[in-house]
$ cat my_file_25.tsv   # TSV, C-alpha atoms and all ligand atoms
chain	number	residue	atom	x	y	z
A	1	MET	CA	-28.15	91.16	83.60
A	2	SER	CA	-26.81	92.79	86.68
A	3	GLN	CA	-24.58	90.41	88.56
A	4	SER	CA	-23.82	91.75	91.96
A	5	CYS	CA	-20.46	91.33	93.53
A	6	ALA	CA	-20.86	89.26	96.64
A	7	GLY	CA	-20.22	91.25	99.74
A	8	SER	CA	-19.46	94.55	98.06
A	9	SER	CA	-22.94	96.06	97.90
A	10	SER	CA	-22.91	97.54	101.33
A	11	ALA	CA	-19.91	99.28	102.74
A	12	GLU	CA	-21.53	98.96	106.13
A	13	THR	CA	-21.42	95.17	106.16
A	14	THR	CA	-19.73	94.09	109.29
A	15	CYS	CA	-16.34	92.63	108.79
A	16	HIS	CA	-14.08	90.86	111.18
A	17	GLU	CA	-11.85	93.80	111.80
A	18	THR	CA	-9.35	92.25	114.13
A	19	ARG	CA	-8.86	89.32	111.78
A	20	VAL	CA	-8.66	91.51	108.71
A	21	GLN	CA	-6.40	94.09	110.28
A	22	SER	CA	-3.96	91.50	111.46
A	23	GLY	CA	-3.64	90.31	107.87
A	24	MET	CA	-4.89	86.79	108.45
A	25	CYS	CA	-6.72	84.78	105.79
A	26	PRO	CA	-10.43	84.78	106.71
A	27	ALA	CA	-10.72	81.13	105.65
A	28	CYS	CA	-7.68	79.40	107.15
A	29	GLY	CA	-6.38	82.00	109.60
A	30	ALA	CA	-2.82	81.90	108.27
A	31	LYS	CA	-0.88	85.06	107.66
A	32	GLY	CA	-0.80	85.95	103.98
A	33	ALA	CA	1.63	88.00	101.97
A	34	PRO	CA	0.82	91.43	100.52
A	35	VAL	CA	0.17	91.32	96.78
A	36	SER	CA	-0.20	94.28	94.45
A	37	ILE	CA	-3.56	95.20	92.99
A	38	GLN	CA	-2.05	94.70	89.50
A	39	THR	CA	-1.52	91.04	90.32
A	40	VAL	CA	-5.10	90.61	91.49
A	41	GLN	CA	-6.41	92.48	88.44
A	42	ALA	CA	-4.30	90.36	86.09
A	43	LEU	CA	-5.32	87.05	87.66
A	44	ALA	CA	-8.95	87.64	88.62
A	45	ALA	CA	-11.51	85.61	86.70
A	46	ILE	CA	-14.31	87.88	87.89
A	47	SER	CA	-15.32	91.35	86.78
A	48	LEU	CA	-12.76	93.87	87.96
A	49	ARG	CA	-15.79	95.94	89.02
A	50	CYS	CA	-15.91	93.45	91.87
A	51	LEU	CA	-12.55	94.56	93.22
A	52	PRO	CA	-13.48	97.63	95.25
A	53	SER	CA	-10.26	97.69	97.18
A	54	THR	CA	-6.62	98.05	96.29
A	55	SER	CA	-5.29	96.18	99.28
A	56	TYR	CA	-5.04	92.40	98.95
A	57	GLN	CA	-3.07	89.57	100.46
A	58	PHE	CA	-2.12	86.21	98.96
A	59	CYS	CA	-2.82	83.07	101.00
A	60	HIS	CA	-0.11	80.39	100.65
A	61	THR	CA	-1.91	77.65	102.58
A	62	PRO	CA	-2.07	74.55	100.30
A	63	HIS	CA	-5.56	73.34	101.10
A	64	CYS	CA	-7.22	76.69	101.70
A	65	PRO	CA	-9.46	77.65	98.75
A	66	VAL	CA	-8.78	81.37	99.19
A	67	VAL	CA	-6.11	82.79	96.88
A	68	TYR	CA	-6.58	86.51	97.58
A	69	TYR	CA	-8.32	88.29	100.38
A	70	CYS	CA	-8.96	91.90	101.00
A	71	THR	CA	-7.54	93.64	104.01
A	72	ASP	CA	-10.23	96.38	103.96
A	73	ASN	CA	-13.25	94.11	104.06
A	74	ALA	CA	-14.02	90.42	104.10
A	75	GLN	CA	-13.79	89.89	100.32
A	76	THR	CA	-12.03	86.76	99.12
A	77	LEU	CA	-11.12	85.37	95.70
A	78	THR	CA	-11.05	81.60	95.68
A	79	VAL	CA	-9.21	79.25	93.32
A	80	ASP	CA	-12.16	79.15	90.91
A	81	GLN	CA	-12.16	82.96	90.68
A	82	VAL	CA	-8.55	83.08	89.48
A	83	ARG	CA	-7.51	82.64	85.85
A	84	GLU	CA	-4.47	80.47	86.54
A	85	ARG	CA	-4.08	77.32	88.54
A	86	VAL	CA	-2.18	78.30	91.65
A	87	TYR	CA	1.02	76.41	92.43
A	88	GLN	CA	0.68	76.75	96.21
A	89	LYS	CA	-2.86	75.37	96.10
A	90	GLU	CA	-1.95	72.32	94.05
A	91	THR	CA	1.16	70.98	95.69
A	92	GLY	CA	2.06	67.60	94.27
A	93	GLN	CA	0.21	68.21	90.98
A	94	PRO	CA	2.74	67.66	88.18
A	95	ASP	CA	1.01	69.78	85.54
A	96	VAL	CA	0.67	73.00	87.51
A	97	PHE	CA	3.07	75.82	86.60
A	98	ILE	CA	5.84	76.56	89.04
A	99	CYS	CA	7.40	79.27	86.82
A	100	TYR	CA	4.60	81.20	85.13
A	101	CYS	CA	6.84	83.55	83.16
A	102	PHE	CA	8.98	80.95	81.44
A	103	ARG	CA	6.42	78.15	81.47
A	104	TYR	CA	7.97	75.47	83.62
A	105	ARG	CA	5.64	73.02	85.27
A	106	ALA	CA	6.28	71.13	88.48
A	107	SER	CA	6.77	67.99	86.39
A	108	ASP	CA	9.60	69.61	84.41
A	109	LEU	CA	11.58	69.68	87.65
A	110	GLN	CA	10.45	66.27	88.86
A	111	ARG	CA	11.45	64.47	85.68
A	112	ALA	CA	14.72	66.30	85.15
A	113	THR	CA	18.24	65.21	85.99
A	114	VAL	CA	20.39	67.42	88.21
A	115	ALA	CA	22.01	68.94	85.12
A	116	GLU	CA	18.63	69.59	83.50
A	117	ASN	CA	17.36	71.24	86.67
A	118	GLU	CA	20.44	73.46	86.75
A	119	ALA	CA	19.69	74.40	83.14
A	120	ILE	CA	16.10	75.30	84.07
A	121	ILE	CA	17.33	77.52	86.91
A	122	ALA	CA	19.91	79.10	84.61
A	123	ASP	CA	17.18	79.79	82.06
A	124	ILE	CA	14.91	81.41	84.66
A	125	ARG	CA	17.79	83.50	86.02
A	126	ALA	CA	18.77	84.57	82.51
A	127	GLY	CA	15.19	85.59	81.82
A	128	ILE	CA	15.08	87.63	85.02
A	129	ALA	CA	18.43	89.25	84.21
A	130	ALA	CA	17.12	90.15	80.74
A	131	GLY	CA	14.04	91.76	82.28
A	132	GLN	CA	11.77	89.25	80.52
A	133	CYS	CA	9.88	88.14	83.60
A	134	ALA	CA	6.47	89.51	84.57
A	135	CYS	CA	5.95	87.79	87.90
A	136	GLU	CA	3.57	90.44	89.21
A	137	LEU	CA	1.23	89.86	86.25
A	138	ARG	CA	1.64	86.13	85.67
A	139	ASN	CA	2.50	84.42	88.93
A	140	PRO	CA	-0.52	84.35	91.25
A	141	GLN	CA	1.75	85.01	94.22
A	142	GLY	CA	2.79	88.22	92.50
A	143	SER	CA	6.48	87.65	92.97
A	144	CYS	CA	9.38	85.64	91.59
A	145	CYS	CA	9.05	81.87	91.41
A	146	LEU	CA	12.71	81.06	92.14
A	147	GLY	CA	12.16	80.47	95.85
A	148	ASN	CA	9.49	77.90	94.98
A	149	VAL	CA	11.80	76.27	92.44
A	150	TYR	CA	14.65	75.92	94.94
A	151	ARG	CA	12.27	74.63	97.60
A	152	ALA	CA	10.78	72.07	95.21
A	153	LEU	CA	14.23	70.83	94.23
A	154	ARG	CA	15.32	70.60	97.86
A	155	ASP	CA	12.15	68.72	98.80
A	156	GLN	CA	12.58	66.16	96.04
A	157	GLY	CA	16.16	65.66	97.18
B	1	ZN	ZN	-6.17	80.81	103.50

$ encode --input "my_file_25.tsv" --output "structure tokens" --more "lines below"
Ligand SMILES: [Zn+2]
Amino acid sequence: MSQSCAGSSSAETTCHETRVQSGMCPACGAKGAPVSIQTVQALAAISLRCLPSTSYQFCHTPHCPVVYYCTDNAQTLTVDQVRERVYQKETGQPDVFICYCFRYRASDLQRATVAENEAIIADIRAGIAAGQCACELRNPQGSCCLGNVYRALRDQG
């Protein structure tokens, strides 16, 4: 019945302090981006009892399995412990969401004409302006998708 949370049972467990303090992902070593605890709580597919900390970072590295890692200890949440498929972890996958608030998938941009892509951007911007976005609760990166949208459009030329 009792499922223990890996790594959280003992506060005395040694952690790699230099690595953690410098904000690097314990799996790939890249520097992550701070993400709010609300984002981690909204996206976690594990018991929230297993989130002892409030300080997490988001790892952007495409082929690193870690989505969130804790800056207080060595805890990580991997792609299979997150409720959504993560855009950054599935680059090139057409059916992954790029805009989680207004439900655009990568393929919506890939298949669209220039005018259609401009309409998608206009729709996202209108949603943001109307306060209808909830990036911190829906987008695993915890922030607005528009940068990813622009980057995807630029990359596909
Ligand atoms: Zn990583």

$ closest_atom_pairs --input "my_file_25.tsv" --of "chain A" --to "ligand ZN 1 (chain B)" --cutoff "7 Å" --atoms "only C-alpha atoms and all ligand atoms" --output "JSON lines"
{"residue": "A:Cys25", "atom": "CA", "partner": "B:ZN1", "partner_atom": "ZN", "distance": 4.6}
{"residue": "A:Pro26", "atom": "CA", "partner": "B:ZN1", "partner_atom": "ZN", "distance": 6.6}
{"residue": "A:Ala27", "atom": "CA", "partner": "B:ZN1", "partner_atom": "ZN", "distance": 5.0}
{"residue": "A:Cys28", "atom": "CA", "partner": "B:ZN1", "partner_atom": "ZN", "distance": 4.2}
{"residue": "A:Gly29", "atom": "CA", "partner": "B:ZN1", "partner_atom": "ZN", "distance": 6.2}
{"residue": "A:Ala30", "atom": "CA", "partner": "B:ZN1", "partner_atom": "ZN", "distance": 5.9}
{"residue": "A:Cys59", "atom": "CA", "partner": "B:ZN1", "partner_atom": "ZN", "distance": 4.8}
{"residue": "A:His60", "atom": "CA", "partner": "B:ZN1", "partner_atom": "ZN", "distance": 6.7}
{"residue": "A:Thr61", "atom": "CA", "partner": "B:ZN1", "partner_atom": "ZN", "distance": 5.4}
{"residue": "A:Cys64", "atom": "CA", "partner": "B:ZN1", "partner_atom": "ZN", "distance": 4.6}
{"residue": "A:Pro65", "atom": "CA", "partner": "B:ZN1", "partner_atom": "ZN", "distance": 6.6}
{"residue": "A:Val66", "atom": "CA", "partner": "B:ZN1", "partner_atom": "ZN", "distance": 5.1}
{"residue": "A:Val67", "atom": "CA", "partner": "B:ZN1", "partner_atom": "ZN", "distance": 6.9}

$ residues_around --input "my_file_25.tsv" --residues "Val96 (chain A)" --least-positions-apart "4" --cutoff "8 Å" --atoms "all atoms listed in the file" --output "list in words"
Arg85, Val86, Tyr87, Glu90, Arg105, Ala106 and Ser107 of chain A

$ closest_residue --input "my_file_25.tsv" --among "A:Val82, A:Cys133, A:Ile120, A:Leu153" --to "Cys101 (chain A)" --atoms "all atoms listed in the file"
A:Cys133

$ closest_residue --input "my_file_25.tsv" --among "A:Gln88, A:Thr76, A:Gln156, A:Ser55" --to "Gln141 (chain A)" --atoms "all atoms listed in the file"
A:Gln88

$ atom_distance --input "my_file_25.tsv" --atom1 "CA of Ala115 (chain A)" --atom2 "CA of Arg138 (chain A)"
26.7 Å

$ closest_residue --input "my_file_25.tsv" --among "A:Gly147, A:Gly127, A:Gly23, A:Gly142" --to "Gln38 (chain A)" --atoms "only C-alpha atoms"
A:Gly142

$ closest_residue --input "my_file_25.tsv" --among "A:Asp80, A:Thr71, A:Ser47, A:Tyr100" --to "Pro140 (chain A)" --atoms "all atoms listed in the file"
A:Tyr100

$ atom_distance --input "my_file_25.tsv" --atom1 "CA of Asp123 (chain A)" --atom2 "CA of Phe97 (chain A)"
15.3 Å

$ atom_distance --input "my_file_25.tsv" --atom1 "CA of Tyr150 (chain A)" --atom2 "CA of Arg111 (chain A)"
15.1 Å

$ residues_around --input "my_file_25.tsv" --residues "Ile37 (chain A)" --least-positions-apart "6" --cutoff "12 Å" --atoms "all atoms listed in the file" --output "PyMOL selection string"
chain A and resi 43-44+48+51-58+68-71+136-137+140-142

$ write_last_selection --input "my_file_25.tsv" --atoms "C-alpha atoms" --output "PDB file, in the frame of the given file"
ATOM      1  CA  LEU A  43      -5.320  87.050  87.660  1.00  0.00           C
ATOM      2  CA  ALA A  44      -8.950  87.640  88.620  1.00  0.00           C
ATOM      3  CA  LEU A  48     -12.760  93.870  87.960  1.00  0.00           C
ATOM      4  CA  LEU A  51     -12.550  94.560  93.220  1.00  0.00           C
ATOM      5  CA  PRO A  52     -13.480  97.630  95.250  1.00  0.00           C
ATOM      6  CA  SER A  53     -10.260  97.690  97.180  1.00  0.00           C
ATOM      7  CA  THR A  54      -6.620  98.050  96.290  1.00  0.00           C
ATOM      8  CA  SER A  55      -5.290  96.180  99.280  1.00  0.00           C
ATOM      9  CA  TYR A  56      -5.040  92.400  98.950  1.00  0.00           C
ATOM     10  CA  GLN A  57      -3.070  89.570 100.460  1.00  0.00           C
ATOM     11  CA  PHE A  58      -2.120  86.210  98.960  1.00  0.00           C
ATOM     12  CA  TYR A  68      -6.580  86.510  97.580  1.00  0.00           C
ATOM     13  CA  TYR A  69      -8.320  88.290 100.380  1.00  0.00           C
ATOM     14  CA  CYS A  70      -8.960  91.900 101.000  1.00  0.00           C
ATOM     15  CA  THR A  71      -7.540  93.640 104.010  1.00  0.00           C
ATOM     16  CA  GLU A 136       3.570  90.440  89.210  1.00  0.00           C
ATOM     17  CA  LEU A 137       1.230  89.860  86.250  1.00  0.00           C
ATOM     18  CA  PRO A 140      -0.520  84.350  91.250  1.00  0.00           C
ATOM     19  CA  GLN A 141       1.750  85.010  94.220  1.00  0.00           C
ATOM     20  CA  GLY A 142       2.790  88.220  92.500  1.00  0.00           C
TER      21      GLY A 142
END

$ decode --input "my_file_25.tsv" --residues "region 97-118 of chain A" --atoms "N, CA and C atoms" --output "PDB file, in the first residue's frame"
ATOM      1  N   PHE A  97       1.923  18.721 -28.588  1.00  0.00           N
ATOM      2  CA  PHE A  97       1.462  20.107 -28.504  1.00  0.00           C
ATOM      3  C   PHE A  97       2.649  21.051 -28.505  1.00  0.00           C
ATOM      4  N   ILE A  98       2.487  22.163 -29.207  1.00  0.00           N
ATOM      5  CA  ILE A  98       3.456  23.258 -29.075  1.00  0.00           C
ATOM      6  C   ILE A  98       2.811  24.377 -28.260  1.00  0.00           C
ATOM      7  N   CYS A  99       1.496  24.579 -28.441  1.00  0.00           N
ATOM      8  CA  CYS A  99       0.739  25.533 -27.619  1.00  0.00           C
ATOM      9  C   CYS A  99      -0.273  24.735 -26.818  1.00  0.00           C
ATOM     10  N   TYR A 100      -0.017  24.619 -25.514  1.00  0.00           N
ATOM     11  CA  TYR A 100      -0.857  23.763 -24.668  1.00  0.00           C
ATOM     12  C   TYR A 100      -2.151  24.451 -24.280  1.00  0.00           C
ATOM     13  N   CYS A 101      -2.160  25.784 -24.268  1.00  0.00           N
ATOM     14  CA  CYS A 101      -3.361  26.505 -23.845  1.00  0.00           C
ATOM     15  C   CYS A 101      -4.416  26.505 -24.938  1.00  0.00           C
ATOM     16  N   PHE A 102      -3.994  26.705 -26.167  1.00  0.00           N
ATOM     17  CA  PHE A 102      -4.957  26.835 -27.257  1.00  0.00           C
ATOM     18  C   PHE A 102      -4.879  25.660 -28.225  1.00  0.00           C
ATOM     19  N   ARG A 103      -4.206  24.598 -27.799  1.00  0.00           N
ATOM     20  CA  ARG A 103      -4.271  23.292 -28.424  1.00  0.00           C
ATOM     21  C   ARG A 103      -3.760  23.255 -29.858  1.00  0.00           C
ATOM     22  N   TYR A 104      -2.610  23.854 -30.077  1.00  0.00           N
ATOM     23  CA  TYR A 104      -1.974  23.703 -31.390  1.00  0.00           C
ATOM     24  C   TYR A 104      -0.846  22.690 -31.283  1.00  0.00           C
ATOM     25  N   ARG A 105      -0.832  21.774 -32.238  1.00  0.00           N
ATOM     26  CA  ARG A 105       0.226  20.774 -32.278  1.00  0.00           C
ATOM     27  C   ARG A 105       1.306  21.217 -33.264  1.00  0.00           C
ATOM     28  N   ALA A 106       2.469  20.612 -33.137  1.00  0.00           N
ATOM     29  CA  ALA A 106       3.565  20.953 -34.044  1.00  0.00           C
ATOM     30  C   ALA A 106       3.118  20.793 -35.495  1.00  0.00           C
ATOM     31  N   SER A 107       2.304  19.779 -35.762  1.00  0.00           N
ATOM     32  CA  SER A 107       1.865  19.532 -37.139  1.00  0.00           C
ATOM     33  C   SER A 107       0.951  20.633 -37.663  1.00  0.00           C
ATOM     34  N   ASP A 108       0.241  21.331 -36.775  1.00  0.00           N
ATOM     35  CA  ASP A 108      -0.615  22.430 -37.236  1.00  0.00           C
ATOM     36  C   ASP A 108       0.222  23.515 -37.893  1.00  0.00           C
ATOM     37  N   LEU A 109       1.447  23.706 -37.369  1.00  0.00           N
ATOM     38  CA  LEU A 109       2.343  24.694 -37.963  1.00  0.00           C
ATOM     39  C   LEU A 109       3.008  24.147 -39.218  1.00  0.00           C
ATOM     40  N   GLN A 110       3.375  22.872 -39.160  1.00  0.00           N
ATOM     41  CA  GLN A 110       4.110  22.293 -40.292  1.00  0.00           C
ATOM     42  C   GLN A 110       3.258  22.222 -41.547  1.00  0.00           C
ATOM     43  N   ARG A 111       1.966  21.956 -41.368  1.00  0.00           N
ATOM     44  CA  ARG A 111       1.100  21.781 -42.536  1.00  0.00           C
ATOM     45  C   ARG A 111       0.543  23.092 -43.058  1.00  0.00           C
ATOM     46  N   ALA A 112       0.685  24.158 -42.269  1.00  0.00           N
ATOM     47  CA  ALA A 112      -0.027  25.389 -42.592  1.00  0.00           C
ATOM     48  C   ALA A 112       0.717  26.238 -43.614  1.00  0.00           C
ATOM     49  N   THR A 113      -0.041  27.034 -44.343  1.00  0.00           N
ATOM     50  CA  THR A 113       0.547  28.045 -45.212  1.00  0.00           C
ATOM     51  C   THR A 113       1.013  29.212 -44.352  1.00  0.00           C
ATOM     52  N   VAL A 114       1.731  30.141 -44.960  1.00  0.00           N
ATOM     53  CA  VAL A 114       2.201  31.318 -44.222  1.00  0.00           C
ATOM     54  C   VAL A 114       1.021  32.059 -43.600  1.00  0.00           C
ATOM     55  N   ALA A 115      -0.049  32.224 -44.385  1.00  0.00           N
ATOM     56  CA  ALA A 115      -1.223  32.944 -43.878  1.00  0.00           C
ATOM     57  C   ALA A 115      -1.860  32.187 -42.714  1.00  0.00           C
ATOM     58  N   GLU A 116      -1.920  30.874 -42.831  1.00  0.00           N
ATOM     59  CA  GLU A 116      -2.519  30.076 -41.751  1.00  0.00           C
ATOM     60  C   GLU A 116      -1.664  30.152 -40.486  1.00  0.00           C
ATOM     61  N   ASN A 117      -0.344  30.152 -40.666  1.00  0.00           N
ATOM     62  CA  ASN A 117       0.531  30.279 -39.501  1.00  0.00           C
ATOM     63  C   ASN A 117       0.364  31.640 -38.840  1.00  0.00           C
ATOM     64  N   GLU A 118       0.202  32.675 -39.663  1.00  0.00           N
ATOM     65  CA  GLU A 118      -0.030  34.005 -39.087  1.00  0.00           C
ATOM     66  C   GLU A 118      -1.344  34.026 -38.308  1.00  0.00           C
TER      67      GLU A 118
END
